[in-house]
Amino acid sequence: MNPVLRRILTRWAPLWSALGLFAAWELACRAFGIPEYVLPTPSASFAAAWTFREAIWMHAAQTLATTLAGFALAVVFGVVLGVLVGSSRAAYTALNPLLIGFNSVPKVAVVPVLVMWFGIGTVPAVITAFLISFFPIVVNVATGLATLEPELRDVLRSLGATRADILLKVGFPRALPFFFASLKVAVTLAFVGSVMSETVASNLGVGYLMMSASSRFNMALVFAGLLVIAAMGIAMYELFSVVERRSTRWAHRGTEGG
Amino acid sequence: MSAAFVELDRVTLRYGQGDTLALSETTLKIGRGEFIAVVGPSGCGKSSLLKLVSGLMPPSSGGVAVAGSEVRGPLKIVGMAFQNPTLLPWRTTLANVMLPLEIVQPHRGRLRANRREYEDQARRILAGVGLAGFEDKFPWQLSGGMQQRASLCRALIHEPQLLMLDEPFGALDAFTREELWAILQSLWMERPFTVVLVTHDLREAAFLADTIYVMSKRPGRIVHLRRNPLARPRTLETTFTPEFTELVHELRNHISAVRAAEEEAP
Ligand SMILES: Nc1ncnc2c1ncn2[C@@H]1O[C@H](COP(=O)(O)OP(=O)(O)OP(=O)(O)O)[C@@H](O)[C@H]1O
Ligand SMILES: [Mg+2]
């Protein structure tokens, strides 16, 4: 194949696959005559997104803000807990079953409780985003610390380093790639949490917008909402991928030239 | 020799629940400023011996004393080059070499104020082993032998009283290796520190050490002690003298005897 063409193809591969998906979706809807209140075509969804752009903009901003707030809390708690669990055998034994049990609880079931405590609106959405996204951060940070090679630890120990020194000089740098990898996953989970809470208990946010649109049988707007959430998720994931690659180049040396 | 700097008294080391005996009843005394070499077949417990002396592992029985006191945990006066280079992959070569300065006093307290001086010192020592120009490269951008040399620099930078070298020249070509022998010898002659060198290379032991210990197959024990009669400084010429050749020959015979014993054993 022509190398220039090939470069264009691989460079924009995600765009081509997205376009392909939309095209197939559009064609299927038209070919099988699927009514719009069952599955709207992508063109109808984009048209709805354009028509309701102001409302969508406002609700998307709300969702983004609650998601990031919950995510920020998750990062802080996740790192603190992860360091605790990863660097102390006792803390691991004590906390691990609790954490697993906690993560197994469906967060949808928690939202009504949060509403009882905090009322409907932003606060339960932030907390749900936090609850759902902090687990992968804890697990990854703890794994990064706990799987430190004994050889690297010995390098520090042979110099008479304290536990704090070891954590600072090899523990944290070694756990950093694990941490950044978890951020990518956690931020997309945070969207799941906030939107879930908004659909149940809010009058703001993309989740609420989709709920009210579906009660008015405006399926095109529901799908416009879904597309907006997906786009925000992709954007955040990519953002943290870039941060990850920048800050932990040594761990990705195999995949990059030079 | 009551003034021994390092003293092992009938030390036994067992890994796990008693099945792997790495060292048995090892006794040895190293004087302050002495350069010793330990040779022996693979798996006989040489690396384990170094870890015991530096306090990284406690002995299963027997006593280890350094500078007159019982070793209870990792010592603060050692510099150690492990059998693998064990450089930290997220640090440049220069930063790796400077790691001990961030941990060991008094350098630790002075590093921030005198960073420039310390950096120059690290660059000098890197240049000494032929790594000038690689200060800002990461370990994975260096060859295996270059990583070993960097790891040697890291063991030396804080001028430790006790230097532990585990096959530090194993991955080097013969020429570079002999060059580094001379460099290590002159460092040691300038400012005597105690060195424990583990090696497979009998010529290396004969070139560098004052005293050479031959260990038996696993479980390791010291089976032979040989004082090195060759005068210092030893040069490349020394390695061609009959005395040198004879010494290497003698060591080789001891190793062969040890290995033959291995074959007879069930
Ligand atoms: N971490 C460990 N756990 C269990 N057994 C070990 C461990 N490290 C070493 N051993 C065992 O102890 C014995 C001595 O190992 P050691 O690494 O000290 O040998 P060595 O003399 O340095 O060998 P080489 O010359 O090949 O480096 C070996 O038989 C090995 O199987
Ligand atoms: Mg070894």
# chains A, B, ... in the order shown; residues from 1 in each chain; ligands from 1
>>> interface_residues(of="chain A", to="chain B", cutoff="9 Å", atoms="only C-alpha atoms", output="list in words")
Glu151, Leu152, Asp154, Val155, Leu156, Arg157, Ser158, Leu159, Gly160, Ala161, Thr162, Asp165, Lys169, Val170, Pro173, Arg174, Thr248, Arg249, Trp250, Ala251 and Arg253 of chain A
>>> residues_near_ligand(ligand="ligand 1", cutoff="9 Å", atoms="only C-alpha atoms and all ligand atoms", output="mmCIF file with all heavy atoms, in the first residue's frame")
data_model
loop_
_atom_site.group_PDB
_atom_site.id
_atom_site.type_symbol
_atom_site.label_atom_id
_atom_site.label_comp_id
_atom_site.auth_asym_id
_atom_site.auth_seq_id
_atom_site.Cartn_x
_atom_site.Cartn_y
_atom_site.Cartn_z
ATOM 1 N N LEU B 13 23.454 -20.433 57.114
ATOM 2 C CA LEU B 13 22.303 -19.740 56.535
ATOM 3 C C LEU B 13 21.431 -20.749 55.815
ATOM 4 O O LEU B 13 21.887 -21.537 55.004
ATOM 5 C CB LEU B 13 22.755 -18.666 55.549
ATOM 6 C CG LEU B 13 21.584 -17.938 54.882
ATOM 7 C CD1 LEU B 13 20.881 -17.029 55.863
ATOM 8 C CD2 LEU B 13 22.069 -17.126 53.691
ATOM 9 N N ARG B 14 20.161 -20.706 56.139
ATOM 10 C CA ARG B 14 19.199 -21.629 55.588
ATOM 11 C C ARG B 14 18.107 -20.808 54.929
ATOM 12 O O ARG B 14 17.619 -19.848 55.506
ATOM 13 C CB ARG B 14 18.598 -22.398 56.763
ATOM 14 C CG ARG B 14 18.200 -23.802 56.545
ATOM 15 C CD ARG B 14 17.678 -24.347 57.865
ATOM 16 N NE ARG B 14 18.741 -24.853 58.729
ATOM 17 C CZ ARG B 14 19.347 -26.030 58.528
ATOM 18 N NH1 ARG B 14 18.998 -26.796 57.546
ATOM 19 N NH2 ARG B 14 20.285 -26.431 59.349
ATOM 20 N N TYR B 15 17.747 -21.148 53.700
ATOM 21 C CA TYR B 15 16.619 -20.478 53.049
ATOM 22 C C TYR B 15 15.368 -21.304 53.271
ATOM 23 O O TYR B 15 15.427 -22.536 53.195
ATOM 24 C CB TYR B 15 16.847 -20.336 51.547
ATOM 25 C CG TYR B 15 17.761 -19.198 51.165
ATOM 26 C CD1 TYR B 15 19.066 -19.442 50.754
ATOM 27 C CD2 TYR B 15 17.315 -17.889 51.209
ATOM 28 C CE1 TYR B 15 19.901 -18.408 50.385
ATOM 29 C CE2 TYR B 15 18.140 -16.844 50.852
ATOM 30 C CZ TYR B 15 19.430 -17.107 50.436
ATOM 31 O OH TYR B 15 20.251 -16.089 50.076
ATOM 32 N N GLY B 16 14.266 -20.653 53.530
ATOM 33 C CA GLY B 16 12.984 -21.348 53.650
ATOM 34 C C GLY B 16 12.936 -22.240 54.877
ATOM 35 O O GLY B 16 13.637 -22.010 55.863
ATOM 36 N N THR B 20 16.935 -25.739 51.984
ATOM 37 C CA THR B 20 18.098 -25.200 51.287
ATOM 38 C C THR B 20 19.109 -24.629 52.270
ATOM 39 O O THR B 20 18.918 -23.564 52.837
ATOM 40 C CB THR B 20 17.685 -24.079 50.309
ATOM 41 O OG1 THR B 20 16.484 -24.457 49.678
ATOM 42 C CG2 THR B 20 18.777 -23.843 49.290
ATOM 43 N N LEU B 21 20.191 -25.357 52.447
ATOM 44 C CA LEU B 21 21.279 -24.873 53.287
ATOM 45 C C LEU B 21 22.265 -24.160 52.368
ATOM 46 O O LEU B 21 22.869 -24.792 51.507
ATOM 47 C CB LEU B 21 21.937 -26.070 53.989
ATOM 48 C CG LEU B 21 22.848 -25.760 55.164
ATOM 49 C CD1 LEU B 21 22.090 -25.014 56.255
ATOM 50 C CD2 LEU B 21 23.436 -27.049 55.724
ATOM 51 N N ALA B 22 22.379 -22.830 52.511
ATOM 52 C CA ALA B 22 23.245 -22.083 51.603
ATOM 53 C C ALA B 22 24.670 -21.991 52.144
ATOM 54 O O ALA B 22 25.631 -22.131 51.407
ATOM 55 C CB ALA B 22 22.671 -20.691 51.367
ATOM 56 N N LEU B 23 24.789 -21.748 53.445
ATOM 57 C CA LEU B 23 26.117 -21.658 54.053
ATOM 58 C C LEU B 23 26.117 -22.537 55.285
ATOM 59 O O LEU B 23 25.115 -22.603 56.003
ATOM 60 C CB LEU B 23 26.407 -20.217 54.499
ATOM 61 C CG LEU B 23 26.764 -19.176 53.447
ATOM 62 C CD1 LEU B 23 26.922 -17.830 54.124
ATOM 63 C CD2 LEU B 23 28.045 -19.555 52.735
ATOM 64 N N VAL B 39 36.091 -17.035 46.003
ATOM 65 C CA VAL B 39 35.813 -17.775 44.765
ATOM 66 C C VAL B 39 35.192 -19.118 45.141
ATOM 67 O O VAL B 39 35.394 -19.618 46.240
ATOM 68 C CB VAL B 39 37.091 -18.013 43.916
ATOM 69 C CG1 VAL B 39 37.672 -16.702 43.447
ATOM 70 C CG2 VAL B 39 38.122 -18.800 44.703
ATOM 71 N N GLY B 40 34.429 -19.654 44.225
ATOM 72 C CA GLY B 40 33.781 -20.932 44.505
ATOM 73 C C GLY B 40 32.780 -21.244 43.424
ATOM 74 O O GLY B 40 32.415 -20.359 42.652
ATOM 75 N N PRO B 41 32.347 -22.505 43.357
ATOM 76 C CA PRO B 41 31.422 -22.888 42.284
ATOM 77 C C PRO B 41 30.081 -22.170 42.399
ATOM 78 O O PRO B 41 29.711 -21.710 43.474
ATOM 79 C CB PRO B 41 31.246 -24.399 42.494
ATOM 80 C CG PRO B 41 31.764 -24.704 43.851
ATOM 81 C CD PRO B 41 32.696 -23.625 44.232
ATOM 82 N N SER B 42 29.373 -22.094 41.275
ATOM 83 C CA SER B 42 28.089 -21.399 41.238
ATOM 84 C C SER B 42 27.098 -22.025 42.216
ATOM 85 O O SER B 42 27.035 -23.243 42.337
ATOM 86 C CB SER B 42 27.538 -21.466 39.816
ATOM 87 O OG SER B 42 26.281 -20.858 39.777
ATOM 88 N N GLY B 43 26.385 -21.166 42.922
ATOM 89 C CA GLY B 43 25.360 -21.648 43.846
ATOM 90 C C GLY B 43 25.888 -22.077 45.196
ATOM 91 O O GLY B 43 25.175 -22.688 45.979
ATOM 92 N N CYS B 44 27.151 -21.720 45.502
ATOM 93 C CA CYS B 44 27.730 -22.183 46.760
ATOM 94 C C CYS B 44 27.474 -21.210 47.904
ATOM 95 O O CYS B 44 27.843 -21.470 49.036
ATOM 96 C CB CYS B 44 29.227 -22.435 46.614
ATOM 97 S SG CYS B 44 30.198 -20.941 46.454
ATOM 98 N N GLY B 45 26.835 -20.084 47.608
ATOM 99 C CA GLY B 45 26.459 -19.180 48.704
ATOM 100 C C GLY B 45 27.298 -17.923 48.804
ATOM 101 O O GLY B 45 27.338 -17.285 49.852
ATOM 102 N N LYS B 46 27.926 -17.515 47.711
ATOM 103 C CA LYS B 46 28.777 -16.326 47.759
ATOM 104 C C LYS B 46 27.944 -15.053 47.896
ATOM 105 O O LYS B 46 28.226 -14.186 48.726
ATOM 106 C CB LYS B 46 29.642 -16.259 46.490
ATOM 107 C CG LYS B 46 30.516 -17.498 46.299
ATOM 108 C CD LYS B 46 31.421 -17.390 45.100
ATOM 109 C CE LYS B 46 30.690 -17.328 43.774
ATOM 110 N NZ LYS B 46 29.883 -18.523 43.450
ATOM 111 N N SER B 47 26.897 -14.951 47.054
ATOM 112 C CA SER B 47 26.030 -13.778 47.156
ATOM 113 C C SER B 47 25.366 -13.729 48.528
ATOM 114 O O SER B 47 25.225 -12.655 49.123
ATOM 115 C CB SER B 47 24.962 -13.813 46.072
ATOM 116 O OG SER B 47 25.555 -13.799 44.799
ATOM 117 N N SER B 48 24.998 -14.896 49.029
ATOM 118 C CA SER B 48 24.369 -14.960 50.349
ATOM 119 C C SER B 48 25.327 -14.450 51.414
ATOM 120 O O SER B 48 24.922 -13.747 52.345
ATOM 121 C CB SER B 48 23.954 -16.389 50.664
ATOM 122 O OG SER B 48 23.203 -16.927 49.612
ATOM 123 N N LEU B 49 26.596 -14.799 51.264
ATOM 124 C CA LEU B 49 27.610 -14.347 52.211
ATOM 125 C C LEU B 49 27.655 -12.820 52.270
ATOM 126 O O LEU B 49 27.678 -12.213 53.337
ATOM 127 C CB LEU B 49 28.970 -14.913 51.790
ATOM 128 C CG LEU B 49 30.151 -14.571 52.678
ATOM 129 C CD1 LEU B 49 30.150 -15.455 53.909
ATOM 130 C CD2 LEU B 49 31.464 -14.746 51.927
ATOM 131 N N LEU B 50 27.624 -12.176 51.095
ATOM 132 C CA LEU B 50 27.656 -10.717 51.056
ATOM 133 C C LEU B 50 26.433 -10.126 51.753
ATOM 134 O O LEU B 50 26.527 -9.148 52.483
ATOM 135 C CB LEU B 50 27.695 -10.218 49.608
ATOM 136 C CG LEU B 50 28.968 -10.468 48.812
ATOM 137 C CD1 LEU B 50 28.951 -9.663 47.535
ATOM 138 C CD2 LEU B 50 30.198 -10.130 49.622
ATOM 139 N N LYS B 51 25.276 -10.729 51.490
ATOM 140 C CA LYS B 51 24.054 -10.204 52.101
ATOM 141 C C LYS B 51 24.067 -10.345 53.614
ATOM 142 O O LYS B 51 23.530 -9.506 54.328
ATOM 143 C CB LYS B 51 22.827 -10.903 51.506
ATOM 144 C CG LYS B 51 22.573 -10.426 50.085
ATOM 145 C CD LYS B 51 21.341 -11.036 49.477
ATOM 146 C CE LYS B 51 21.223 -10.575 48.024
ATOM 147 N NZ LYS B 51 20.348 -11.465 47.248
ATOM 148 N N GLN B 83 24.919 -8.517 42.127
ATOM 149 C CA GLN B 83 25.262 -9.337 40.959
ATOM 150 C C GLN B 83 24.548 -8.814 39.706
ATOM 151 O O GLN B 83 25.124 -8.787 38.626
ATOM 152 C CB GLN B 83 24.876 -10.787 41.242
ATOM 153 C CG GLN B 83 25.450 -11.768 40.248
ATOM 154 C CD GLN B 83 25.423 -13.195 40.797
ATOM 155 O OE1 GLN B 83 25.010 -13.441 41.925
ATOM 156 N NE2 GLN B 83 25.874 -14.129 39.991
ATOM 157 N N ASP B 166 29.776 -7.991 44.073
ATOM 158 C CA ASP B 166 29.333 -9.323 43.661
ATOM 159 C C ASP B 166 29.510 -9.465 42.150
ATOM 160 O O ASP B 166 28.679 -8.999 41.374
ATOM 161 C CB ASP B 166 27.862 -9.526 44.061
ATOM 162 C CG ASP B 166 27.485 -10.998 44.062
ATOM 163 O OD1 ASP B 166 28.261 -11.815 43.527
ATOM 164 O OD2 ASP B 166 26.407 -11.324 44.595
ATOM 165 N N GLU B 167 30.582 -10.082 41.751
ATOM 166 C CA GLU B 167 30.915 -10.250 40.331
ATOM 167 C C GLU B 167 30.700 -8.965 39.539
ATOM 168 O O GLU B 167 29.944 -8.935 38.565
ATOM 169 C CB GLU B 167 30.081 -11.384 39.720
ATOM 170 C CG GLU B 167 30.416 -12.713 40.371
ATOM 171 C CD GLU B 167 29.545 -13.847 39.846
ATOM 172 O OE1 GLU B 167 29.182 -13.787 38.666
ATOM 173 O OE2 GLU B 167 29.247 -14.764 40.623
ATOM 174 N N VAL B 198 33.416 -10.877 45.286
ATOM 175 C CA VAL B 198 33.013 -12.214 44.858
ATOM 176 C C VAL B 198 33.264 -12.315 43.370
ATOM 177 O O VAL B 198 32.905 -11.413 42.613
ATOM 178 C CB VAL B 198 31.524 -12.461 45.152
ATOM 179 C CG1 VAL B 198 31.016 -13.666 44.387
ATOM 180 C CG2 VAL B 198 31.309 -12.648 46.639
ATOM 181 N N THR B 199 33.921 -13.364 42.946
ATOM 182 C CA THR B 199 34.234 -13.459 41.516
ATOM 183 C C THR B 199 34.353 -14.907 41.062
ATOM 184 O O THR B 199 34.567 -15.817 41.859
ATOM 185 C CB THR B 199 35.535 -12.691 41.199
ATOM 186 O OG1 THR B 199 35.821 -12.839 39.823
ATOM 187 C CG2 THR B 199 36.703 -13.217 42.011
ATOM 188 N N HIS B 200 34.159 -15.099 39.774
ATOM 189 C CA HIS B 200 34.397 -16.415 39.171
ATOM 190 C C HIS B 200 35.751 -16.459 38.484
ATOM 191 O O HIS B 200 36.222 -17.502 38.083
ATOM 192 C CB HIS B 200 33.326 -16.713 38.100
ATOM 193 C CG HIS B 200 32.038 -17.133 38.685
ATOM 194 N ND1 HIS B 200 30.832 -16.855 38.102
ATOM 195 C CD2 HIS B 200 31.749 -17.800 39.824
ATOM 196 C CE1 HIS B 200 29.865 -17.341 38.850
ATOM 197 N NE2 HIS B 200 30.393 -17.916 39.897
ATOM 198 N N MET B 215 35.614 -21.422 48.349
ATOM 199 C CA MET B 215 34.476 -22.022 49.025
ATOM 200 C C MET B 215 34.120 -23.363 48.407
ATOM 201 O O MET B 215 34.322 -23.588 47.215
ATOM 202 C CB MET B 215 33.264 -21.094 48.959
ATOM 203 C CG MET B 215 33.340 -19.966 49.960
ATOM 204 S SD MET B 215 31.926 -18.873 49.848
ATOM 205 C CE MET B 215 30.675 -19.872 50.604
ATOM 206 N N LYS B 217 31.384 -26.459 47.370
ATOM 207 C CA LYS B 217 30.046 -26.477 46.770
ATOM 208 C C LYS B 217 29.004 -26.379 47.883
ATOM 209 O O LYS B 217 29.298 -26.508 49.057
ATOM 210 C CB LYS B 217 29.878 -27.780 45.983
ATOM 211 C CG LYS B 217 30.287 -28.997 46.833
ATOM 212 C CD LYS B 217 29.432 -30.192 46.614
ATOM 213 C CE LYS B 217 29.782 -31.225 47.676
ATOM 214 N NZ LYS B 217 28.714 -32.094 48.031
ATOM 215 N N ARG B 218 27.760 -26.182 47.477
ATOM 216 C CA ARG B 218 26.683 -26.000 48.433
ATOM 217 C C ARG B 218 26.512 -27.222 49.320
ATOM 218 O O ARG B 218 26.504 -28.342 48.793
ATOM 219 C CB ARG B 218 25.381 -25.739 47.677
ATOM 220 C CG ARG B 218 24.283 -25.151 48.519
ATOM 221 C CD ARG B 218 23.133 -24.889 47.622
ATOM 222 N NE ARG B 218 22.712 -26.175 47.083
ATOM 223 C CZ ARG B 218 21.482 -26.638 47.230
ATOM 224 N NH1 ARG B 218 20.583 -25.946 47.815
ATOM 225 N NH2 ARG B 218 21.154 -27.796 46.740
ATOM 226 N N PRO B 219 26.321 -27.075 50.627
ATOM 227 C CA PRO B 219 26.320 -25.832 51.382
ATOM 228 C C PRO B 219 27.728 -25.273 51.534
ATOM 229 O O PRO B 219 28.648 -26.015 51.863
ATOM 230 C CB PRO B 219 25.746 -26.238 52.740
ATOM 231 C CG PRO B 219 26.068 -27.680 52.878
ATOM 232 C CD PRO B 219 26.048 -28.241 51.489
ATOM 233 N N GLY B 220 27.870 -23.970 51.280
ATOM 234 C CA GLY B 220 29.184 -23.364 51.202
ATOM 235 C C GLY B 220 29.928 -23.331 52.531
ATOM 236 O O GLY B 220 29.346 -23.163 53.594
#
>>> residues_around(residues="region 125-140 of chain A", least_positions_apart="6", cutoff="8 Å", atoms="only C-alpha atoms", output="VMD selection string")
chain A and resid 66 to 67 69 to 75 77 to 79 81 to 83 99 103 107 110 to 111 175 178 to 179 181 to 183 185 to 187 189 to 198
>>> residues_around(residues="Ser215 (chain A)", least_positions_apart="6", cutoff="12 Å", atoms="only C-alpha atoms", output="ChimeraX atom specification")
/A:37,199,208-209,221-222
>>> closest_residue(among="A:Leu239, A:Leu204, A:Leu68, A:Leu15", to="Ala55 (chain A)", atoms="only C-alpha atoms")
A:Leu204
>>> atom_distance(atom1="CA of Leu230 (chain B)", atom2="CA of Gly33 (chain B)")
16.9 Å
>>> atom_distance(atom1="CA of Pro177 (chain A)", atom2="CA of Gly144 (chain A)")
8.0 Å
>>> residues_around(residues="Gly145 (chain B)", least_positions_apart="6", cutoff="10 Å", atoms="only C-alpha atoms", output="list in words")
Pro85, Ser151, Pro168, Phe169, Gly170, Ala171, Leu172, Asp173, Thr176 and Arg177 of chain B
>>> atom_distance(atom1="CA of Arg112 (chain B)", atom2="CA of Gly128 (chain B)")
24.4 Å
>>> select_by_dssp(residues="region 14-143 of chain B", states="strand (DSSP E or B)", output="compact mmCIF listing (two decimals) with N, CA and C atoms, in the first residue's frame")
# COMPACT_ATOMS: atom_id res chain seq x y z
N ARG B 14 20.16 -20.71 56.14
CA ARG B 14 19.20 -21.63 55.59
C ARG B 14 18.11 -20.81 54.93
N TYR B 15 17.75 -21.15 53.70
CA TYR B 15 16.62 -20.48 53.05
C TYR B 15 15.37 -21.30 53.27
N THR B 20 16.94 -25.74 51.98
CA THR B 20 18.10 -25.20 51.29
C THR B 20 19.11 -24.63 52.27
N LEU B 21 20.19 -25.36 52.45
CA LEU B 21 21.28 -24.87 53.29
C LEU B 21 22.27 -24.16 52.37
N ALA B 22 22.38 -22.83 52.51
CA ALA B 22 23.25 -22.08 51.60
C ALA B 22 24.67 -21.99 52.14
N LEU B 23 24.79 -21.75 53.45
CA LEU B 23 26.12 -21.66 54.05
C LEU B 23 26.12 -22.54 55.28
N SER B 24 27.24 -23.22 55.53
CA SER B 24 27.28 -23.99 56.76
C SER B 24 28.59 -23.74 57.49
N GLU B 25 28.48 -23.32 58.75
CA GLU B 25 29.64 -23.17 59.63
C GLU B 25 30.77 -22.39 58.98
N THR B 26 30.43 -21.27 58.38
CA THR B 26 31.46 -20.47 57.74
C THR B 26 32.12 -19.54 58.76
N THR B 27 33.43 -19.61 58.83
CA THR B 27 34.16 -18.75 59.75
C THR B 27 35.20 -17.99 58.96
N LEU B 28 35.21 -16.66 59.14
CA LEU B 28 36.25 -15.90 58.46
C LEU B 28 36.44 -14.54 59.09
N LYS B 29 37.67 -14.03 58.96
CA LYS B 29 38.01 -12.76 59.59
C LYS B 29 38.67 -11.87 58.55
N ILE B 30 38.19 -10.64 58.46
CA ILE B 30 38.77 -9.71 57.51
C ILE B 30 39.28 -8.50 58.29
N GLY B 31 40.54 -8.16 58.06
CA GLY B 31 41.12 -7.02 58.76
C GLY B 31 40.66 -5.71 58.14
N PHE B 35 41.74 -6.39 51.40
CA PHE B 35 41.01 -6.67 50.16
C PHE B 35 40.92 -8.18 50.02
N ILE B 36 39.73 -8.74 50.19
CA ILE B 36 39.63 -10.20 50.06
C ILE B 36 38.78 -10.56 48.85
N ALA B 37 39.04 -11.74 48.33
CA ALA B 37 38.22 -12.25 47.24
C ALA B 37 37.67 -13.60 47.65
N VAL B 38 36.44 -13.87 47.24
CA VAL B 38 35.82 -15.17 47.50
C VAL B 38 35.54 -15.83 46.17
N VAL B 39 36.09 -17.04 46.00
CA VAL B 39 35.81 -17.77 44.77
C VAL B 39 35.19 -19.12 45.14
N SER B 61 22.14 -19.30 62.13
CA SER B 61 22.84 -19.45 63.40
C SER B 61 24.25 -18.92 63.23
N GLY B 62 24.92 -18.69 64.35
CA GLY B 62 26.26 -18.13 64.29
C GLY B 62 26.19 -16.62 64.36
N GLY B 63 27.35 -15.98 64.39
CA GLY B 63 27.38 -14.53 64.56
C GLY B 63 28.14 -13.82 63.47
N VAL B 64 27.63 -12.64 63.09
CA VAL B 64 28.34 -11.76 62.15
C VAL B 64 28.61 -10.46 62.88
N ALA B 65 29.87 -10.04 62.89
CA ALA B 65 30.20 -8.77 63.53
C ALA B 65 30.98 -7.91 62.55
N VAL B 66 30.65 -6.63 62.51
CA VAL B 66 31.39 -5.68 61.68
C VAL B 66 31.79 -4.52 62.57
N SER B 69 30.92 -4.68 66.37
CA SER B 69 29.60 -4.91 66.95
C SER B 69 28.78 -5.86 66.08
N GLU B 70 27.94 -6.59 66.74
CA GLU B 70 27.09 -7.59 66.12
C GLU B 70 26.20 -6.93 65.05
N VAL B 78 28.31 0.48 54.32
CA VAL B 78 28.69 -0.34 53.17
C VAL B 78 28.31 0.31 51.85
N GLY B 79 29.09 -0.06 50.84
CA GLY B 79 28.70 0.23 49.47
C GLY B 79 28.59 -1.13 48.83
N MET B 80 27.52 -1.34 48.07
CA MET B 80 27.32 -2.69 47.57
C MET B 80 26.99 -2.65 46.08
N ALA B 81 27.70 -3.46 45.31
CA ALA B 81 27.33 -3.65 43.91
C ALA B 81 26.80 -5.06 43.79
>>> residues_around(residues="region 186-188 of chain B", least_positions_apart="4", cutoff="10 Å", atoms="only C-alpha atoms", output="list of chain:residue names")
B:Gly33, B:Glu34, B:Phe35, B:Leu156, B:Leu180, B:Trp181, B:Ala182, B:Pro192, B:Phe193, B:Thr194, B:Val195, B:Leu208, B:Arg232, B:Pro233, B:Arg234
>>> residues_around(residues="Ser88 (chain A)", least_positions_apart="3", cutoff="12 Å", atoms="only C-alpha atoms", output="list in words")
Leu81, Gly82, Val83, Leu84, Val85, Ala91, Tyr92, Thr93, Ala94, Leu95, Asn96, Ala142, Thr143, Leu145, Ala146, Arg163 and Leu167 of chain A
>>> decode(residues="region 238-248 of chain B", atoms="N, CA, C and O atoms", output="short mmCIF file (atom, residue, chain, number, x, y, z; two decimals), in the first residue's frame")
data_model
loop_
_atom_site.label_atom_id
_atom_site.label_comp_id
_atom_site.auth_asym_id
_atom_site.auth_seq_id
_atom_site.Cartn_x
_atom_site.Cartn_y
_atom_site.Cartn_z
N THR B 238 52.30 -7.76 35.75
CA THR B 238 52.28 -8.74 36.84
C THR B 238 51.59 -10.03 36.39
O THR B 238 51.99 -11.14 36.77
N THR B 239 50.55 -9.87 35.57
CA THR B 239 49.76 -11.05 35.20
C THR B 239 50.54 -12.00 34.31
O THR B 239 50.09 -13.10 34.07
N PHE B 240 51.69 -11.55 33.81
CA PHE B 240 52.48 -12.44 32.96
C PHE B 240 53.65 -13.06 33.71
O PHE B 240 54.41 -13.84 33.15
N THR B 241 53.80 -12.70 35.01
CA THR B 241 54.92 -13.27 35.77
C THR B 241 54.60 -14.71 36.17
O THR B 241 53.44 -15.08 36.31
N PRO B 242 55.64 -15.51 36.39
CA PRO B 242 55.41 -16.91 36.80
C PRO B 242 54.68 -17.01 38.14
O PRO B 242 53.86 -17.90 38.33
N GLU B 243 54.97 -16.06 39.06
CA GLU B 243 54.31 -16.10 40.37
C GLU B 243 52.80 -16.00 40.22
O GLU B 243 52.04 -16.72 40.85
N PHE B 244 52.39 -15.08 39.34
CA PHE B 244 50.95 -14.88 39.12
C PHE B 244 50.33 -16.14 38.53
O PHE B 244 49.31 -16.65 39.03
N THR B 245 50.99 -16.65 37.51
CA THR B 245 50.46 -17.84 36.83
C THR B 245 50.36 -19.01 37.81
O THR B 245 49.38 -19.75 37.81
N GLU B 246 51.38 -19.10 38.64
CA GLU B 246 51.40 -20.20 39.61
C GLU B 246 50.25 -20.08 40.59
O GLU B 246 49.56 -21.06 40.91
N LEU B 247 50.01 -18.86 41.05
CA LEU B 247 48.91 -18.60 42.00
C LEU B 247 47.57 -18.98 41.37
O LEU B 247 46.75 -19.68 41.98
N VAL B 248 47.37 -18.53 40.14
CA VAL B 248 46.11 -18.84 39.46
C VAL B 248 45.94 -20.35 39.30
O VAL B 248 44.87 -20.90 39.51
#
